[in-house]
Structures are given as structure tokens and as C-alpha cells.
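Novice: What follows is structure.txt, made up of compact mmCIF, C-alpha atoms:
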# COMPACT_ATOMS: atom_id res chain seq x y z
CA MET D 25 91.58 201.55 119.21
CA LYS D 26 92.16 204.05 121.96
CA THR D 27 93.76 206.65 119.70
CA ARG D 28 90.78 206.63 117.31
CA SER D 29 88.41 207.48 120.16
CA LEU D 30 90.60 210.50 121.02
CA VAL D 31 90.36 211.71 117.43
CA ALA D 32 86.59 211.18 117.43
CA SER D 33 86.25 213.06 120.73
CA ALA D 34 88.27 215.98 119.37
CA LEU D 35 86.10 216.12 116.25
CA VAL D 36 82.91 216.05 118.31
CA ALA D 37 84.26 218.89 120.44
CA LEU D 38 85.03 220.92 117.30
CA VAL D 39 81.49 220.43 116.02
CA PHE D 40 79.90 221.54 119.26
CA LEU D 41 82.18 224.56 119.60
CA SER D 42 81.72 225.79 116.03
CA PRO D 43 80.01 229.18 115.53
CA VAL D 44 77.02 227.49 113.89
CA ALA D 45 76.60 225.07 116.80
CA MET D 46 76.76 228.00 119.22
CA GLY D 47 74.00 229.87 117.34
CA GLN D 48 76.35 232.40 115.74
CA PRO D 49 76.27 233.07 112.00
CA LEU D 50 78.83 231.23 109.91
CA GLN D 51 81.61 233.53 108.68
CA ALA D 52 81.99 233.60 104.91
CA LYS D 53 85.24 232.04 103.70
CA PRO D 54 87.31 233.95 101.17
CA ALA D 55 86.31 233.04 97.63
CA PHE D 56 88.86 232.44 94.90
CA ASP D 57 88.42 232.10 91.16
CA ASP D 58 86.94 228.61 91.42
CA GLY D 59 84.94 229.24 94.60
CA TRP D 60 87.21 227.06 96.79
CA GLU D 61 89.41 228.02 99.69
CA LYS D 62 93.13 227.80 98.93
CA GLY D 63 95.45 225.61 100.97
CA ARG D 64 97.79 227.65 103.15
CA GLU D 65 100.86 225.69 101.99
CA THR D 66 100.22 224.73 98.36
CA GLY D 67 97.68 227.28 97.18
CA LEU D 68 95.65 224.36 95.79
CA PRO D 69 91.91 224.08 96.47
CA VAL D 70 90.83 222.78 99.87
CA PRO D 71 89.03 220.49 100.15
CA ARG D 72 90.31 218.33 97.29
CA PHE D 73 90.66 214.64 96.58
CA VAL D 74 93.98 212.81 96.28
CA SER D 75 94.98 209.17 96.61
CA LEU D 76 97.36 207.19 98.78
CA LYS D 77 100.67 206.81 96.91
CA ALA D 78 102.47 204.71 99.52
CA ARG D 79 101.86 201.03 100.21
CA SER D 80 101.66 201.87 103.88
CA ALA D 81 100.98 205.19 105.60
CA ASN D 82 100.33 206.32 109.14
CA LEU D 83 97.34 208.53 109.89
CA ARG D 84 98.35 210.59 112.90
CA ILE D 85 96.32 212.64 115.38
CA GLY D 86 98.47 215.72 114.69
CA PRO D 87 100.78 217.12 112.00
CA SER D 88 104.10 215.64 113.13
CA THR D 89 105.74 212.29 113.84
CA ASP D 90 105.59 213.36 117.49
CA TYR D 91 101.85 212.61 117.42
CA ALA D 92 100.44 209.13 117.90
CA THR D 93 99.38 206.97 114.98
CA ALA D 94 95.61 206.50 114.91
CA TRP D 95 95.49 204.19 111.86
CA VAL D 96 97.85 202.53 109.42
CA TYR D 97 96.57 202.51 105.83
CA SER D 98 97.84 199.77 103.54
CA ALA D 99 95.56 200.31 100.52
CA GLN D 100 97.64 201.98 97.82
CA GLY D 101 95.34 204.02 95.56
CA LEU D 102 92.77 204.69 98.29
CA PRO D 103 91.02 208.04 97.74
CA LEU D 104 91.43 210.59 100.52
CA GLU D 105 90.06 214.10 100.87
CA ILE D 106 92.48 216.82 101.93
CA THR D 107 90.71 219.15 104.35
CA GLY D 108 93.70 221.11 105.66
CA GLU D 109 97.40 221.81 105.21
CA TYR D 110 100.17 222.47 107.71
CA GLY D 111 103.77 222.45 106.48
CA ASN D 112 104.45 219.07 104.85
CA TRP D 113 101.38 217.56 106.49
CA ARG D 114 97.86 217.20 105.14
CA ARG D 115 94.71 216.72 107.18
CA VAL D 116 92.81 213.99 105.35
CA ARG D 117 89.48 212.20 105.62
CA ASP D 118 88.65 208.76 104.25
CA ALA D 119 85.34 207.46 102.89
CA ASP D 120 84.30 206.29 106.38
CA GLY D 121 84.77 209.80 107.80
CA THR D 122 87.95 209.03 109.74
CA SER D 123 90.20 212.11 109.83
CA GLY D 124 93.80 212.72 110.78
CA TRP D 125 97.14 213.97 109.51
CA MET D 126 99.32 212.32 106.86
CA PHE D 127 102.78 213.23 105.56
CA ALA D 128 102.26 214.89 102.15
CA PRO D 129 104.83 212.81 100.17
CA LEU D 130 102.70 209.72 100.91
CA LEU D 131 99.87 211.21 98.81
CA SER D 132 99.39 211.44 95.05
CA SER D 133 97.36 213.79 92.87
CA LYS D 134 96.22 210.72 90.87
CA ARG D 135 92.43 210.60 91.12
CA THR D 136 90.77 207.48 92.41
CA ALA D 137 87.37 206.73 93.91
CA VAL D 138 85.44 204.04 95.72
CA ILE D 139 81.91 202.92 95.11
CA GLY D 140 79.94 204.74 97.82
CA PRO D 141 80.08 202.92 101.17
CA TRP D 142 76.56 204.27 101.86
CA LEU D 143 75.10 202.21 98.99
CA LYS D 144 73.34 198.94 99.74
CA GLN D 145 73.20 197.45 96.22
CA PRO D 146 75.91 196.78 93.60
CA ILE D 147 76.40 199.60 91.09
CA PRO D 148 76.64 198.85 87.36
CA LEU D 149 79.86 199.50 85.48
CA ARG D 150 78.59 200.27 81.96
CA SER D 151 80.17 200.12 78.52
CA ALA D 152 79.13 203.72 77.73
CA PRO D 153 77.94 206.77 79.71
CA SER D 154 74.25 205.89 79.52
CA ARG D 155 71.74 204.15 81.80
CA THR D 156 70.82 201.92 78.86
CA ALA D 157 74.40 200.89 77.99
CA ARG D 158 75.49 197.27 78.43
CA ILE D 159 76.50 196.35 81.99
CA VAL D 160 80.15 195.22 82.10
CA ALA D 161 80.15 194.39 85.83
CA ARG D 162 78.30 195.06 89.05
CA LEU D 163 80.48 196.73 91.67
CA LEU D 164 80.01 196.35 95.42
CA PRO D 165 80.39 199.29 97.81
CA GLU D 166 84.00 200.29 98.56
CA VAL D 167 85.43 198.79 95.34
CA ARG D 168 88.39 201.01 94.33
CA LEU D 169 88.58 202.60 90.89
CA ASP D 170 91.15 204.67 89.01
CA LEU D 171 89.38 207.66 87.49
CA MET D 172 90.22 208.60 83.92
CA THR D 173 87.63 211.30 83.20
CA CYS D 174 84.44 212.66 84.74
CA ASP D 175 81.93 214.92 83.02
CA GLY D 176 79.80 215.85 86.03
CA THR D 177 77.39 212.93 85.53
CA TRP D 178 79.50 209.92 84.49
CA CYS D 179 83.07 208.88 85.25
CA LYS D 180 85.19 206.67 83.01
CA ALA D 181 87.11 204.38 85.31
CA ASN D 182 89.32 201.30 85.57
CA LEU D 183 89.00 198.80 88.38
CA GLN D 184 92.22 198.79 90.36
CA LYS D 185 94.16 195.53 89.86
CA GLU D 186 91.62 194.27 87.31
CA ARG D 187 91.34 194.68 83.56
CA LEU D 188 87.84 196.09 83.60
CA ARG D 189 87.03 199.55 82.27
CA GLY D 190 83.74 201.34 81.94
CA TYR D 191 81.49 204.13 83.11
CA VAL D 192 79.98 204.69 86.56
CA GLN D 193 77.44 207.32 87.55
CA GLN D 194 79.35 210.02 89.38
CA GLY D 195 76.83 210.23 92.24
CA SER D 196 77.69 206.63 93.19
CA LEU D 197 81.34 207.48 93.88
CA TRP D 198 83.28 208.79 96.85
CA GLY D 199 86.43 210.50 95.59
CA VAL D 200 84.89 213.00 93.19
CA TYR D 201 82.62 215.93 93.97
CA PRO D 202 79.11 216.29 92.50
CA ASP D 203 79.25 218.03 89.11
CA GLU D 204 83.09 218.01 89.16
CA THR D 205 84.81 217.45 85.83
CA ILE D 206 88.09 215.59 85.45
CA GLU D 207 89.94 215.59 82.15
Kindly transcribe the structure held in the file into C-alpha cells.
Specialist:
Amino acid sequence: MKTRSLVASALVALVFLSPVAMGQPLQAKPAFDDGWEKGRETGLPVPRFVSLKARSANLRIGPSTDYATAWVYSAQGLPLEITGEYGNWRRVRDADGTSGWMFAPLLSSKRTAVIGPWLKQPIPLRSAPSRTARIVARLLPEVRLDLMTCDGTWCKANLQKERLRGYVQQGSLWGVYPDETIE
């Protein structure tokens, strides 16, 4: 899609023009109580994970309906990472690395995840948070999960649209940070 290549070109340009890429030292970002930067609109941590609330949502190349649509997402519950805020718009990134702007009311704070798209083998969904626990199912990369809790090592999760529940190793998921806890 032509629009996606424009977004990719802009991102490549940002990488090459960054202070680190130009051999300059990286400026320290202001630290807050939890060590994260705060969003300029909400005061919430940035980056942070959210999920797609709407059944359909446009990912735009800029923070307004005046900007072209790069992608249309139709996967309700898809995890997205907020990387920036501007008014009622959120810059988001998906598990494939595609970035753009989405209207904030289309997003939910409900935590979801996908089995890591970088993985080559199915990941076990276990009956308990242990490598020796019974395997309930084997999950392929990009399978979507609703997260219930995470302790930094294991996440208790439900398969979206299925009646399967169990535990997945946190490092196998995209949609939760390493060592992050969710209660």
C-alpha cells in the first residue's frame, strides 16, 4: 500500500536523524515515580499497552482525520502500544512494528496480548504457572489472549473467543513488558 511506504520512509528518516544515529549522546528523558515518561495529554505512562476497543479503526499517518489512512484494523481486542499522545490522538504500534495515529476513543485500557510473532514454534498454555504443569493447549504465534494477571514471569490468560484459560510465560507475549505485573 502506497501510504504504508510513506509511513515507513518517515520512520526510517527519524531513525537516521536521531541524536544517537548522528553520533551525539542521547538526552536523558525526565524520570517519574515509576521510571516512565508521562503522556503529554493523559499523564499516563508512555509507552504503555492498550487494546483495540472498536470493531474497525483507521490507523492514520498523522493525528487528525485530515491525514490519510494507512491501515484499517478490524481485530477487536488487538494489543497496541501507545508511543505518543497528541490531543485526542494516540501514536500506536502493533506487534509487526507498524506505527501510526489512532483516535483515542477507539482504544481500551483492557490488557490483551498476542503470542510473539517472532516465535517459530507453538507455545504451551499451561494449567498452572510452572514449566511442569499440564499443557492445556499449544498456541501458534499471533494468537490473541485477554490478560487477567501477570507476575513478571507468567501471565494468566483467556483465549479470545474460546473457552480456554491458562498460564503463558510472559516472555512469549507481545502486549506486556518484561517483568511487568498486572493485577
Novice: Fewer than 3 positions away in the same chain doesn't count, so skip those; otherwise give me all residues within 8 Å of D:Phe127, counting only C-alpha atoms, as a list in words.
Specialist: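 In the requested form, the answer reads Pro87, Asn112, Trp113, Arg114, Leu130 and Leu131 of chain D.
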Novice: Identify the residues around (95.8, 199.2, 100.9) within a radius of 10 Å, measuring from all atoms listed in the file in the coordinates stated by the file, and give them as a list in words.
Specialist: Leu76, Lys77, Ala78, Arg79, Ser80, Ala81, Val96, Tyr97, Ser98, Ala99, Gln100, Gly101 and Leu102 of chain D
Novice: Pick the closest to D:Arg117 from D:Ile139, D:Met172, D:Ala152, D:Val74: which is it, counting all atoms listed in the file?
Specialist: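 Result for the nearest residue to D:Arg117: D:Val74.
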Novice: For D:Thr93, find every residue with an atom within 8 Å (counting all atoms listed in the file), except residues of its own chain fewer than 3 positions away, and show them as a PDB file with C-alpha atoms, in the frame of the given file.
Specialist:
ATOM      1  CA  THR D  27      93.760 206.650 119.700  1.00  0.00           C
ATOM      2  CA  ASN D  82     100.330 206.320 109.140  1.00  0.00           C
ATOM      3  CA  LEU D  83      97.340 208.530 109.890  1.00  0.00           C
ATOM      4  CA  ARG D  84      98.350 210.590 112.900  1.00  0.00           C
ATOM      5  CA  ILE D  85      96.320 212.640 115.380  1.00  0.00           C
ATOM      6  CA  VAL D  96      97.850 202.530 109.420  1.00  0.00           C
TER       7      VAL D  96
END
Novice: To one decimal in Å, tell me the separation between atom CA of D:Lys134 and atom CA of D:Phe73.
Specialist: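 Pair atom CA of D:Lys134 / atom CA of D:Phe73 returns 8.9 Å.
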Novice: Enter the distance from atom CA of D:Trp178 to atom CA of D:Pro202, in Å, rounded to one decimal.
Specialist: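 The value is 10.2 Å.
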Novice: Could you give me, as a VMD selection string, the residues that sit within 6 Å of (102.0, 225.0, 105.3) in the file's coordinates, counting all atoms listed in the file?
Specialist: chain D and resid 64 to 65 109 to 111
Novice: Quick check, in Å to one decimal: how far apart do atom CA of D:Val167 and atom CA of D:Val138 lie?
Specialist: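 Spanning atom CA of D:Val167 to atom CA of D:Val138 is a straight-line distance of 5.3 Å.
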